file upload_29.txt (compact mmCIF, C-alpha atoms)
# COMPACT_ATOMS: atom_id res chain seq x y z
CA MET A 1 78.01 84.82 101.50
CA ASN A 2 79.09 87.73 103.65
CA HIS A 3 79.09 90.61 101.19
CA ARG A 4 80.82 92.83 103.73
CA ILE A 5 83.97 90.71 103.63
CA THR A 6 84.97 88.34 100.84
CA HIS A 7 87.23 85.33 101.23
CA ILE A 8 89.25 85.13 98.03
CA LYS A 9 91.43 82.06 98.64
CA ASP A 10 93.99 80.70 101.10
CA ASP A 11 93.05 83.11 103.92
CA ILE A 12 93.22 86.14 101.60
CA TYR A 13 90.30 88.49 102.25
CA TRP A 14 88.80 91.56 100.62
CA VAL A 15 88.33 94.23 103.30
CA GLY A 16 87.60 97.12 100.96
CA VAL A 17 84.49 99.27 100.66
CA VAL A 18 81.80 100.01 98.09
CA ASP A 19 81.06 103.64 97.22
CA TRP A 20 77.55 103.41 95.82
CA ASN A 21 77.23 107.17 95.39
CA LEU A 22 80.48 107.87 93.54
CA ARG A 23 79.70 109.93 90.44
CA ASP A 24 82.85 111.99 89.94
CA PHE A 25 86.26 110.34 89.72
CA HIS A 26 89.41 112.33 88.91
CA GLY A 27 87.15 114.99 87.43
CA PHE A 28 85.24 112.80 84.99
CA SER A 29 81.67 111.55 85.30
CA ILE A 30 80.76 107.97 86.10
CA THR A 31 77.31 106.50 86.63
CA ARG A 32 77.81 103.18 88.42
CA GLY A 33 79.70 104.02 91.59
CA GLY A 34 82.95 102.30 92.50
CA THR A 35 84.95 100.36 95.05
CA TYR A 36 88.16 100.96 96.96
CA ASN A 37 89.74 97.57 97.37
CA ALA A 38 92.05 96.58 100.20
CA PHE A 39 93.14 93.10 101.22
CA LEU A 40 94.14 91.16 104.31
CA VAL A 41 96.30 88.04 104.15
CA ASN A 42 95.54 86.31 107.43
CA GLY A 43 97.85 83.98 109.32
CA PRO A 44 100.31 83.98 112.22
CA GLU A 45 101.57 87.37 111.03
CA PRO A 46 98.72 89.01 109.10
CA VAL A 47 99.57 91.19 106.10
CA LEU A 48 97.50 94.20 104.99
CA VAL A 49 97.67 95.37 101.37
CA ASP A 50 96.55 98.99 100.82
CA THR A 51 93.77 100.95 102.52
CA VAL A 52 90.71 102.91 101.36
CA LYS A 53 89.46 106.46 100.87
CA ALA A 54 89.34 108.50 104.09
CA PRO A 55 85.52 108.75 104.54
CA PHE A 56 85.33 104.95 104.72
CA THR A 57 88.09 104.49 107.33
CA GLN A 58 85.95 103.16 110.16
CA GLU A 59 84.11 100.68 107.96
CA PHE A 60 87.46 99.45 106.63
CA LEU A 61 89.03 99.01 110.08
CA ALA A 62 85.90 97.29 111.38
CA LYS A 63 86.11 94.72 108.59
CA ILE A 64 89.72 93.92 109.42
CA ALA A 65 88.79 93.56 113.09
CA GLU A 66 86.19 90.92 112.18
CA ILE A 67 89.06 88.77 110.89
CA THR A 68 91.91 89.57 113.23
CA PRO A 69 92.70 92.10 115.98
CA LEU A 70 94.33 95.13 114.40
CA ASP A 71 97.28 95.08 116.79
CA LYS A 72 98.16 91.57 115.58
CA ILE A 73 98.86 92.76 112.02
CA ARG A 74 102.62 92.59 111.44
CA HIS A 75 103.02 93.73 107.83
CA PHE A 76 101.47 96.55 105.79
CA ILE A 77 102.20 96.80 102.04
CA VAL A 78 101.50 100.14 100.34
CA ASN A 79 101.18 99.57 96.60
CA HIS A 80 99.86 103.05 95.81
CA ILE A 81 99.64 106.30 97.80
CA GLU A 82 96.86 108.11 95.93
CA PRO A 83 94.32 109.32 98.53
CA ASP A 84 91.55 106.99 97.38
CA HIS A 85 93.88 104.14 98.45
CA SER A 86 95.83 105.75 101.28
CA GLY A 87 93.15 107.91 102.88
CA ALA A 88 92.94 105.54 105.86
CA PHE A 89 96.74 105.30 106.15
CA LEU A 90 97.16 107.32 109.35
CA ALA A 91 94.28 105.60 111.15
CA ALA A 92 95.58 102.22 110.00
CA ILE A 93 99.12 102.67 111.30
CA GLN A 94 97.78 104.03 114.58
CA ALA A 95 95.59 100.94 114.95
CA MET A 96 98.44 98.63 113.88
CA PRO A 97 101.36 99.65 116.13
CA ASN A 98 103.21 96.38 115.52
CA ALA A 99 103.07 96.43 111.72
CA THR A 100 106.12 97.02 109.53
CA ILE A 101 105.25 99.23 106.54
CA TYR A 102 106.65 98.50 103.06
CA GLY A 103 106.70 100.71 99.99
CA SER A 104 108.68 101.88 96.99
CA GLU A 105 111.05 104.85 97.22
CA ASN A 106 108.45 107.11 95.62
CA ALA A 107 105.76 105.79 97.96
CA ILE A 108 107.87 106.56 101.02
CA SER A 109 108.56 110.09 99.81
CA GLY A 110 104.94 110.71 98.84
CA LEU A 111 103.44 109.37 102.07
CA HIS A 112 105.57 111.77 104.10
CA ARG A 113 104.35 114.63 101.92
CA TYR A 114 100.72 113.65 102.33
CA TYR A 115 100.68 112.67 106.00
CA ASN A 116 102.39 113.66 109.24
CA PHE A 117 103.76 110.53 110.98
CA ASP A 118 107.01 109.30 112.47
CA ARG A 119 106.91 105.57 111.65
CA GLU A 120 109.70 104.08 109.55
CA ILE A 121 108.84 102.56 106.17
CA GLU A 122 110.95 99.74 104.76
CA LEU A 123 112.06 100.26 101.19
CA VAL A 124 111.32 97.42 98.77
CA HIS A 125 112.92 97.34 95.34
CA SER A 126 111.41 96.20 92.09
CA GLY A 127 111.91 92.47 91.67
CA GLU A 128 112.58 91.95 95.38
CA THR A 129 111.14 88.96 97.24
CA ARG A 130 110.20 89.04 100.93
CA GLU A 131 109.02 86.31 103.27
CA LEU A 132 106.29 87.92 105.39
CA GLY A 133 104.37 85.92 107.94
CA GLY A 134 105.25 82.62 106.29
CA ARG A 135 104.10 83.83 102.87
CA THR A 136 106.16 84.83 99.86
CA PHE A 137 105.62 88.26 98.32
CA ARG A 138 107.34 89.68 95.24
CA PHE A 139 107.31 93.39 94.47
CA PHE A 140 107.37 95.00 91.03
CA GLU A 141 107.38 98.74 90.53
CA THR A 142 105.24 100.08 87.71
CA PRO A 143 106.08 103.81 87.86
CA MET A 144 103.58 106.07 86.09
CA ALA A 145 100.97 103.36 85.82
CA HIS A 146 99.56 105.57 86.85
CA TRP A 147 101.56 107.38 89.60
CA PRO A 148 105.34 107.40 90.21
CA ASP A 149 104.89 105.25 93.33
CA SER A 150 102.74 102.56 91.69
CA MET A 151 103.74 98.99 92.54
CA MET A 152 102.28 95.51 92.10
CA THR A 153 102.67 92.72 94.63
CA TYR A 154 102.58 89.05 93.65
CA MET A 155 102.13 85.94 95.77
CA PRO A 156 103.73 83.21 93.62
CA LYS A 157 102.53 80.19 95.58
CA GLU A 158 98.92 81.39 95.63
CA LYS A 159 99.25 82.91 92.12
CA VAL A 160 97.53 86.09 93.28
CA LEU A 161 98.47 89.48 91.85
CA PHE A 162 97.63 92.66 93.74
CA SER A 163 97.74 94.91 90.68
CA SER A 164 97.07 98.36 92.19
CA ASP A 165 95.23 100.61 89.70
CA ILE A 166 96.02 98.51 86.63
CA PHE A 167 93.16 96.25 85.45
CA GLY A 168 90.61 98.19 87.51
CA GLN A 169 87.10 99.33 86.68
CA LEU A 170 84.54 101.64 88.26
CA GLN A 171 81.31 99.99 89.29
CA ALA A 172 79.64 99.48 92.65
CA THR A 173 78.55 95.89 93.21
CA SER A 174 77.97 93.55 96.09
CA GLU A 175 79.67 90.87 93.96
CA ARG A 176 83.44 90.66 93.85
CA PHE A 177 84.41 88.25 91.06
CA ASP A 178 84.18 88.49 87.27
CA TYR A 179 82.06 85.33 87.02
CA GLU A 180 79.38 86.84 89.29
CA VAL A 181 78.57 89.82 87.07
CA GLU A 182 78.16 90.68 83.43
CA LEU A 183 81.76 90.87 82.21
CA PRO A 184 82.78 94.52 82.80
CA ILE A 185 84.99 95.01 79.76
CA TYR A 186 83.44 98.37 78.87
CA ASP A 187 83.87 99.54 82.47
CA ALA A 188 87.52 98.47 82.28
CA ALA A 189 87.88 100.29 78.94
CA LEU A 190 86.33 103.49 80.33
CA TYR A 191 88.70 103.32 83.29
CA TYR A 192 91.68 102.71 80.98
CA ALA A 193 90.76 105.52 78.59
CA ASN A 194 90.34 108.11 81.35
CA ILE A 195 93.11 107.05 83.75
CA ILE A 196 95.70 104.80 82.14
CA LEU A 197 95.70 105.99 78.50
CA PRO A 198 98.60 108.49 78.83
CA PHE A 199 100.85 105.66 79.98
CA ASN A 200 100.39 103.16 77.15
CA HIS A 201 104.13 102.53 76.90
CA ILE A 202 104.27 101.74 80.63
CA VAL A 203 101.39 99.31 80.28
CA LEU A 204 103.15 97.48 77.45
CA LYS A 205 106.31 97.24 79.56
CA THR A 206 104.27 95.94 82.48
CA LEU A 207 102.62 93.29 80.32
CA GLU A 208 106.09 92.20 79.17
CA LEU A 209 107.30 92.17 82.78
CA LEU A 210 104.77 89.52 83.82
CA PRO A 211 106.02 86.51 81.82
CA LYS A 212 109.66 87.60 82.15
CA ASN A 213 109.32 87.30 85.92
CA ASP A 214 107.21 84.13 85.92
CA ILE A 215 104.15 86.07 87.03
CA ALA A 216 101.22 83.92 85.96
CA PRO A 217 98.29 85.06 88.09
CA GLU A 218 95.22 82.93 88.52
CA ILE A 219 93.52 85.86 90.26
CA ILE A 220 94.13 89.58 89.65
CA LEU A 221 93.04 91.88 92.47
CA PRO A 222 92.93 95.53 91.32
CA ASP A 223 92.35 98.46 93.68
CA HIS A 224 89.05 99.28 91.93
CA GLY A 225 86.23 97.05 90.77
CA ILE A 226 85.74 93.31 90.55
CA PHE A 227 88.47 90.65 90.63
CA TRP A 228 89.62 88.82 87.52
CA LYS A 229 89.53 85.03 87.94
CA ASP A 230 87.75 83.33 85.04
CA HIS A 231 88.78 86.02 82.55
CA VAL A 232 92.41 86.77 83.40
CA ASP A 233 93.60 86.07 79.85
CA GLU A 234 90.89 88.30 78.40
CA ILE A 235 91.74 91.39 80.45
CA LEU A 236 95.45 90.95 79.74
CA ALA A 237 94.67 90.74 76.02
CA TYR A 238 92.42 93.79 76.12
CA TYR A 239 95.08 95.83 77.91
CA LYS A 240 97.61 94.93 75.24
CA CYS A 241 95.11 95.87 72.54
CA TRP A 242 94.22 99.22 74.13
CA ALA A 243 97.85 100.12 74.89
CA SER A 244 99.00 99.36 71.35
CA ALA A 245 95.95 101.00 69.66
CA ARG A 246 95.24 97.73 67.86
CA CYS A 247 91.64 98.00 69.06
CA ALA A 248 91.18 101.32 67.24
CA HIS A 249 88.73 100.80 64.36
CA GLY A 250 86.21 102.83 62.43
CA ALA A 251 85.33 106.51 62.53
CA LEU A 252 84.00 108.75 65.29
CA ILE A 253 82.25 112.07 64.68
CA LEU A 254 82.31 114.46 67.64
CA TYR A 255 80.60 117.82 67.39
CA ASP A 256 78.72 120.64 69.01
CA SER A 257 76.53 123.23 67.35
CA MET A 258 75.17 126.66 68.20
CA TRP A 259 72.51 127.33 65.55
CA GLY A 260 72.45 123.98 63.78
CA SER A 261 74.96 124.45 60.94
CA THR A 262 77.68 122.25 62.41
CA ASP A 263 74.97 119.75 63.34
CA ILE A 264 73.93 119.55 59.67
CA MET A 265 77.54 118.91 58.65
CA ALA A 266 77.93 116.15 61.27
CA ASP A 267 74.75 114.49 59.98
CA ARG A 268 76.01 114.73 56.40
CA LEU A 269 79.34 113.10 57.33
CA TYR A 270 77.59 110.36 59.28
CA HIS A 271 75.12 109.66 56.46
CA GLN A 272 77.90 109.38 53.90
CA ILE A 273 80.19 107.17 56.00
CA SER A 274 77.37 104.94 57.25
CA GLY A 275 76.54 104.05 53.67
CA SER A 276 79.79 102.09 53.54
CA ASP A 277 81.10 99.08 55.46
CA VAL A 278 83.03 101.35 57.82
CA LYS A 279 81.89 101.40 61.44
CA VAL A 280 80.94 104.95 62.40
CA ARG A 281 79.58 106.59 65.55
CA LYS A 282 78.32 110.15 66.10
CA MET A 283 78.33 111.90 69.50
CA HIS A 284 77.15 115.36 70.47
CA ILE A 285 79.77 116.68 72.88
CA ARG A 286 77.56 118.60 75.33
CA THR A 287 75.08 115.76 75.84
CA ASN A 288 77.58 112.94 76.35
CA PRO A 289 79.83 112.47 79.39
CA MET A 290 83.45 113.31 78.62
CA SER A 291 84.50 109.93 80.01
CA ARG A 292 82.45 108.07 77.38
CA ILE A 293 83.61 110.34 74.57
CA VAL A 294 87.23 109.60 75.45
CA THR A 295 86.50 105.87 75.62
CA GLU A 296 85.03 106.00 72.11
CA ILE A 297 88.12 107.92 70.94
CA MET A 298 90.26 105.06 72.27
CA PHE A 299 88.17 102.64 70.20
CA SER A 300 88.40 104.74 67.00
CA LYS A 301 90.90 104.98 64.15
CA VAL A 302 89.62 108.26 62.66
CA ILE A 303 88.21 111.08 64.77
CA LEU A 304 86.43 114.04 63.15
CA ILE A 305 85.72 116.97 65.46
CA GLY A 306 83.22 119.68 64.53
CA THR A 307 82.93 123.10 66.16
CA PRO A 308 81.07 126.34 65.56
CA THR A 309 82.87 129.63 66.11
CA ILE A 310 81.99 131.86 69.03
CA ASN A 311 83.78 135.13 69.75
CA ASP A 312 86.43 134.36 67.12
CA THR A 313 87.43 131.07 68.74
CA ILE A 314 86.41 127.51 69.44
CA PHE A 315 83.09 126.57 71.06
CA PRO A 316 83.51 126.11 74.87
CA SER A 317 82.42 122.46 75.03
CA VAL A 318 84.83 121.56 72.23
CA GLY A 319 87.60 123.47 73.99
CA GLN A 320 86.91 121.51 77.17
CA LEU A 321 87.29 118.28 75.22
CA LEU A 322 90.60 119.40 73.74
CA ILE A 323 92.00 120.32 77.16
CA TYR A 324 90.94 116.94 78.53
CA LEU A 325 92.48 115.11 75.56
CA GLN A 326 95.71 117.07 75.84
CA GLY A 327 96.43 115.43 79.18
CA LEU A 328 95.33 111.97 78.10
CA ARG A 329 97.42 112.02 74.90
CA PRO A 330 95.53 109.45 72.80
CA GLY A 331 98.77 108.69 71.05
CA PRO A 332 99.82 107.61 67.56
CA GLY A 333 97.88 105.31 65.31
CA ARG A 334 94.89 107.61 64.87
CA LEU A 335 93.91 110.13 62.19
CA TRP A 336 92.10 113.38 62.91
CA GLY A 337 89.92 115.77 60.96
CA ALA A 338 88.06 119.04 61.49
CA PHE A 339 84.85 120.64 60.33
CA GLY A 340 82.66 123.46 61.51
CA SER A 341 80.84 126.71 60.82
CA TYR A 342 80.96 130.41 61.54
CA GLY A 343 78.88 133.53 61.00
CA TRP A 344 80.48 136.96 60.64
CA GLY A 345 84.02 135.81 61.38
CA GLY A 346 85.85 132.50 61.66
CA GLY A 347 88.26 131.15 64.25
CA GLY A 348 86.84 127.93 65.66
CA VAL A 349 88.11 125.50 63.04
CA GLU A 350 91.38 127.45 62.82
CA TYR A 351 91.87 126.95 66.57
CA LEU A 352 91.12 123.23 66.23
CA MET A 353 93.64 122.81 63.41
CA ARG A 354 96.28 124.67 65.38
CA TRP A 355 95.63 122.35 68.35
CA TYR A 356 96.08 119.31 66.11
CA ARG A 357 99.42 120.59 64.86
CA GLU A 358 100.69 121.57 68.30
CA ASN A 359 99.86 118.12 69.66
CA GLN A 360 101.34 116.37 66.62
CA HIS A 361 98.13 114.61 65.63
CA GLN A 362 98.16 113.20 62.12
CA LEU A 363 95.53 114.76 59.87
CA ILE A 364 93.41 112.80 57.44
CA ALA A 365 92.39 115.73 55.20
CA ASP A 366 91.92 119.48 55.03
CA PRO A 367 89.11 120.89 57.20
CA VAL A 368 85.64 121.68 55.93
CA GLU A 369 84.22 125.02 57.11
CA SER A 370 80.87 126.62 56.35
CA ARG A 371 79.81 130.23 56.67
CA PHE A 372 76.29 130.20 58.10
CA ARG A 373 74.12 127.32 56.76
CA PRO A 374 75.98 124.72 54.71
CA SER A 375 75.58 125.30 50.97
CA ALA A 376 75.61 122.68 48.21
CA ASP A 377 79.38 123.17 47.92
CA ILE A 378 79.83 122.49 51.63
CA HIS A 379 77.71 119.34 51.36
CA GLN A 380 79.99 118.16 48.56
CA ALA A 381 83.05 118.95 50.67
CA CYS A 382 81.61 116.93 53.55
CA ASP A 383 80.97 114.05 51.15
CA ALA A 384 84.56 114.26 49.93
CA LEU A 385 85.86 114.19 53.52
CA ALA A 386 83.64 111.21 54.30
CA ASP A 387 84.85 109.41 51.18
CA THR A 388 88.46 110.00 52.26
CA VAL A 389 87.65 108.46 55.65
CA VAL A 390 86.05 105.42 54.03
CA LYS A 391 88.91 104.97 51.56
CA THR A 392 91.57 105.38 54.24
CA LEU A 393 89.95 102.96 56.66
CA GLY A 394 89.41 100.49 53.86
CA GLN A 395 93.15 100.46 53.27
CA VAL A 396 94.23 100.10 56.92
CA GLU A 397 91.57 97.84 58.43
call {"tool": "encode", "arguments": {"input": "upload_29.txt", "output": "structure tokens"}}
result
Amino acid sequence: MNHRITHIKDDIYWVGVVDWNLRDFHGFSITRGGTYNAFLVNGPEPVLVDTVKAPFTQEFLAKIAEITPLDKIRHFIVNHIEPDHSGAFLAAIQAMPNATIYGSENAISGLHRYYNFDREIELVHSGETRELGGRTFRFFETPMAHWPDSMMTYMPKEKVLFSSDIFGQLQATSERFDYEVELPIYDAALYYANIILPFNHIVLKTLELLPKNDIAPEIILPDHGIFWKDHVDEILAYYKCWASARCAHGALILYDSMWGSTDIMADRLYHQISGSDVKVRKMHIRTNPMSRIVTEIMFSKVILIGTPTINDTIFPSVGQLLIYLQGLRPGPGRLWGAFGSYGWGGGGVEYLMRWYRENQHQLIADPVESRFRPSADIHQACDALADTVVKTLGQVE
């Protein structure tokens, strides 16, 4: 197998690139690299779907040239204009002078804001069908999943869906298909939690759009990660579960500590909850990547956040988490709680409770707050909070 270029089916090729060294994506940490996927549908009038991030432009163009001369490409579909998918746009259109470019209204507007060029772009509307190079392509806009310009393209005869950012994952591999690797469901979940989560309602609409428009893909080709072939039904089901919060179960304890008091309270809560049948996880905020914390929040029904007080306010690492969550908007269907400690003056837990109220998060109980080291009364209050978590989850799960 040529790992540089992958034949998918029916003269459809992967001409994307692997970024083995990618560790920061949209500001959150990843550990396994990633891919920027682009595709070439070869034939009498070749069709290019998307490009790659700018630093990989020459590798990308060289791959296309191994299949067909660049000046023979007649059609160029832009599903998404974000720079990790359009970074090679200018070089591509310069190398493809005979290609007609297609995009949504938002894509056309955004491309002209990103890049300086004078080529016309043909507008395609959601639900529109085009015959390009003897192949049938159908276009479906999915605005805010996860950018306003986002669009999916479907080839009904081949049953291939170019899904843009939806159904993607972040991992660098020389393999391209789901059956060639350990099934990357957690990678897909991490990607969803950190990128797609704010747009749950759009995802649910998109999932409804597929059967309504007779879109029944046998292969899903996202712009990041491996391709779904043997597990199409599974990833569709997981997306529905994540978007509807039906996959949210158990309790999650998130905390940081300055001199150990909040740490003691987190341990007490974990010990009490773990003595029941309720699934519970405990994560120290500073020593866990924010991306994994958010993924565990997506999996959880009850989230308890613990913070010490510093300078009359919340601890910095906890504040960073709250800012990150504010943009991701974990959504309804979850219950939240607070605990923490202070020395000469409080403020940390108060800040956390105010943040909960301002963001309309449903609370499970009153907060538990300790001055200096937790006393016997504070231990009892932690036990009572844990018991409320266990009782509540026992009623809803």
call {"tool": "atom_distance", "arguments": {"input": "upload_29.txt", "atom1": "CA of His361 (chain A)", "atom2": "CA of Phe199 (chain A)"}}
result
17.1 Å
call {"tool": "closest_atom_pairs", "arguments": {"input": "upload_29.txt", "of": "region 139-231 of chain A", "to": "region 77-92 of chain A", "cutoff": "12 Å", "atoms": "all atoms listed in the file", "output": "JSON lines"}}
result
{"residue": "A:Phe139", "atom": "CA", "partner": "A:Asn79", "partner_atom": "CA", "distance": 9.0}
{"residue": "A:Phe140", "atom": "CA", "partner": "A:Asn79", "partner_atom": "CA", "distance": 9.5}
{"residue": "A:Glu141", "atom": "CA", "partner": "A:Asn79", "partner_atom": "CA", "distance": 8.7}
{"residue": "A:Thr142", "atom": "CA", "partner": "A:Asn79", "partner_atom": "CA", "distance": 9.8}
{"residue": "A:Pro143", "atom": "CA", "partner": "A:His80", "partner_atom": "CA", "distance": 10.1}
{"residue": "A:Met144", "atom": "CA", "partner": "A:His80", "partner_atom": "CA", "distance": 10.8}
{"residue": "A:Ala145", "atom": "CA", "partner": "A:His80", "partner_atom": "CA", "distance": 10.1}
{"residue": "A:His146", "atom": "CA", "partner": "A:His80", "partner_atom": "CA", "distance": 9.3}
{"residue": "A:Trp147", "atom": "CA", "partner": "A:His80", "partner_atom": "CA", "distance": 7.8}
{"residue": "A:Pro148", "atom": "CA", "partner": "A:His80", "partner_atom": "CA", "distance": 9.0}
{"residue": "A:Asp149", "atom": "CA", "partner": "A:His80", "partner_atom": "CA", "distance": 6.0}
{"residue": "A:Ser150", "atom": "CA", "partner": "A:His80", "partner_atom": "CA", "distance": 5.1}
{"residue": "A:Met151", "atom": "CA", "partner": "A:Asn79", "partner_atom": "CA", "distance": 4.8}
{"residue": "A:Met152", "atom": "CA", "partner": "A:Asn79", "partner_atom": "CA", "distance": 6.2}
{"residue": "A:Thr153", "atom": "CA", "partner": "A:Asn79", "partner_atom": "CA", "distance": 7.3}
{"residue": "A:Tyr154", "atom": "CA", "partner": "A:Asn79", "partner_atom": "CA", "distance": 11.0}
{"residue": "A:Leu161", "atom": "CA", "partner": "A:Asn79", "partner_atom": "CA", "distance": 11.5}
{"residue": "A:Phe162", "atom": "CA", "partner": "A:Asn79", "partner_atom": "CA", "distance": 8.3}
{"residue": "A:Ser163", "atom": "CA", "partner": "A:Asn79", "partner_atom": "CA", "distance": 8.3}
{"residue": "A:Ser164", "atom": "CA", "partner": "A:Asn79", "partner_atom": "CA", "distance": 6.1}
{"residue": "A:Asp165", "atom": "CA", "partner": "A:His80", "partner_atom": "CA", "distance": 8.0}
{"residue": "A:Ile166", "atom": "CA", "partner": "A:His80", "partner_atom": "CA", "distance": 10.9}
{"residue": "A:Leu221", "atom": "CA", "partner": "A:Asn79", "partner_atom": "CA", "distance": 11.9}
{"residue": "A:Pro222", "atom": "CA", "partner": "A:Asn79", "partner_atom": "CA", "distance": 10.6}
{"residue": "A:Asp223", "atom": "CA", "partner": "A:His85", "partner_atom": "CA", "distance": 7.6}
{"residue": "A:His224", "atom": "CA", "partner": "A:His85", "partner_atom": "CA", "distance": 9.5}
call {"tool": "closest_residue", "arguments": {"input": "upload_29.txt", "among": "A:Asp71, A:Glu350, A:Ser174, A:Gly225", "to": "Ala38 (chain A)", "atoms": "only C-alpha atoms"}}
result
A:Gly225
call {"tool": "closest_residue", "arguments": {"input": "upload_29.txt", "among": "A:Ile253, A:Ala237, A:Ile310, A:Met298", "to": "Val389 (chain A)", "atoms": "all atoms listed in the file"}}
result
A:Ile253
call {"tool": "axis_aligned_box", "arguments": {"input": "upload_29.txt", "around": "region 129-133 of chain A", "padding_each_side": "3 Å", "output": "lines of an AutoDock Vina configuration file"}}
result
center_x = 107.8
center_y = 87.5
center_z = 102.6
size_x = 12.8
size_y = 9.1
size_z = 16.7
call {"tool": "closest_residue", "arguments": {"input": "upload_29.txt", "among": "A:Gln171, A:Tyr36, A:Val203, A:Ser375", "to": "Thr57 (chain A)", "atoms": "only C-alpha atoms"}}
result
A:Tyr36
call {"tool": "atom_distance", "arguments": {"input": "upload_29.txt", "atom1": "CA of Pro184 (chain A)", "atom2": "CA of Tyr239 (chain A)"}}
result
13.3 Å
call {"tool": "residues_near_point", "arguments": {"input": "upload_29.txt", "point": "(78.8, 109.6, 55.2)", "cutoff": "12 Å", "atoms": "all atoms listed in the file", "output": "VMD selection string"}}
result
chain A and resid 251 to 253 264 to 282 304 379 to 391
call {"tool": "closest_residue", "arguments": {"input": "upload_29.txt", "among": "A:Tyr179, A:Tyr191, A:Trp336, A:Trp344", "to": "Leu254 (chain A)", "atoms": "all atoms listed in the file"}}
result
A:Trp336
call {"tool": "residues_around", "arguments": {"input": "upload_29.txt", "residues": "Val349 (chain A)", "least_positions_apart": "2", "cutoff": "7 Å", "atoms": "all atoms listed in the file", "output": "list of chain:residue names"}}
result
A:Thr307, A:Ile314, A:Ala338, A:Phe339, A:Gly340, A:Gly347, A:Tyr351, A:Leu352, A:Met353
call {"tool": "residues_near_point", "arguments": {"input": "upload_29.txt", "point": "(80.8, 113.9, 80.3)", "cutoff": "10 Å", "atoms": "all atoms listed in the file", "output": "PyMOL selection string"}}
result
chain A and resi 27-30+285-294+321
call {"tool": "atom_distance", "arguments": {"input": "upload_29.txt", "atom1": "CA of Lys212 (chain A)", "atom2": "CA of Asn42 (chain A)"}}
result
29.0 Å
call {"tool": "closest_residue", "arguments": {"input": "upload_29.txt", "among": "A:Pro316, A:Gly34, A:Pro374, A:Gly333", "to": "Ala245 (chain A)", "atoms": "only C-alpha atoms"}}
result
A:Gly333
call {"tool": "decode", "arguments": {"input": "upload_29.txt", "residues": "region 267-311 of chain A", "atoms": "C-alpha atoms", "output": "mmCIF file, in the first residue's frame"}}
result
data_model
loop_
_atom_site.group_PDB
_atom_site.id
_atom_site.type_symbol
_atom_site.label_atom_id
_atom_site.label_comp_id
_atom_site.auth_asym_id
_atom_site.auth_seq_id
_atom_site.Cartn_x
_atom_site.Cartn_y
_atom_site.Cartn_z
ATOM 1 C CA ASP A 267 -10.740 12.565 48.392
ATOM 2 C CA ARG A 268 -13.580 12.460 50.920
ATOM 3 C CA LEU A 269 -16.196 12.966 48.196
ATOM 4 C CA TYR A 270 -14.594 10.324 46.000
ATOM 5 C CA HIS A 271 -14.359 7.816 48.859
ATOM 6 C CA GLN A 272 -18.006 8.274 49.768
ATOM 7 C CA ILE A 273 -19.359 8.093 46.207
ATOM 8 C CA SER A 274 -17.122 5.169 45.207
ATOM 9 C CA GLY A 275 -18.652 3.108 47.990
ATOM 10 C CA SER A 276 -21.866 3.022 45.981
ATOM 11 C CA ASP A 277 -22.779 1.640 42.561
ATOM 12 C CA VAL A 278 -22.365 5.083 40.995
ATOM 13 C CA LYS A 279 -19.517 5.493 38.528
ATOM 14 C CA VAL A 280 -17.192 8.240 39.743
ATOM 15 C CA ARG A 281 -13.947 9.752 38.468
ATOM 16 C CA LYS A 282 -11.591 12.247 40.136
ATOM 17 C CA MET A 283 -9.260 14.576 38.204
ATOM 18 C CA HIS A 284 -6.774 17.142 39.455
ATOM 19 C CA ILE A 285 -7.164 20.135 37.159
ATOM 20 C CA ARG A 286 -3.536 21.286 36.890
ATOM 21 C CA THR A 287 -2.154 17.833 36.084
ATOM 22 C CA ASN A 288 -4.694 16.838 33.442
ATOM 23 C CA PRO A 289 -4.990 18.318 29.944
ATOM 24 C CA MET A 290 -8.013 20.588 29.614
ATOM 25 C CA SER A 291 -9.111 18.632 26.548
ATOM 26 C CA ARG A 292 -9.455 15.411 28.557
ATOM 27 C CA ILE A 293 -11.194 17.155 31.441
ATOM 28 C CA VAL A 294 -13.814 18.525 29.056
ATOM 29 C CA THR A 295 -14.258 15.097 27.461
ATOM 30 C CA GLU A 296 -14.930 13.597 30.894
ATOM 31 C CA ILE A 297 -17.420 16.403 31.588
ATOM 32 C CA MET A 298 -19.258 15.405 28.401
ATOM 33 C CA PHE A 299 -19.440 11.833 29.716
ATOM 34 C CA SER A 300 -20.702 12.885 33.184
ATOM 35 C CA LYS A 301 -24.126 13.571 34.673
ATOM 36 C CA VAL A 302 -22.929 15.301 37.865
ATOM 37 C CA ILE A 303 -19.847 17.509 37.983
ATOM 38 C CA LEU A 304 -18.423 18.695 41.313
ATOM 39 C CA ILE A 305 -15.745 21.388 41.074
ATOM 40 C CA GLY A 306 -13.464 22.192 44.004
ATOM 41 C CA THR A 307 -11.337 25.319 44.378
ATOM 42 C CA PRO A 308 -9.216 26.967 47.048
ATOM 43 C CA THR A 309 -9.365 30.723 47.460
ATOM 44 C CA ILE A 310 -6.443 32.910 46.469
ATOM 45 C CA ASN A 311 -6.491 36.695 46.741
#
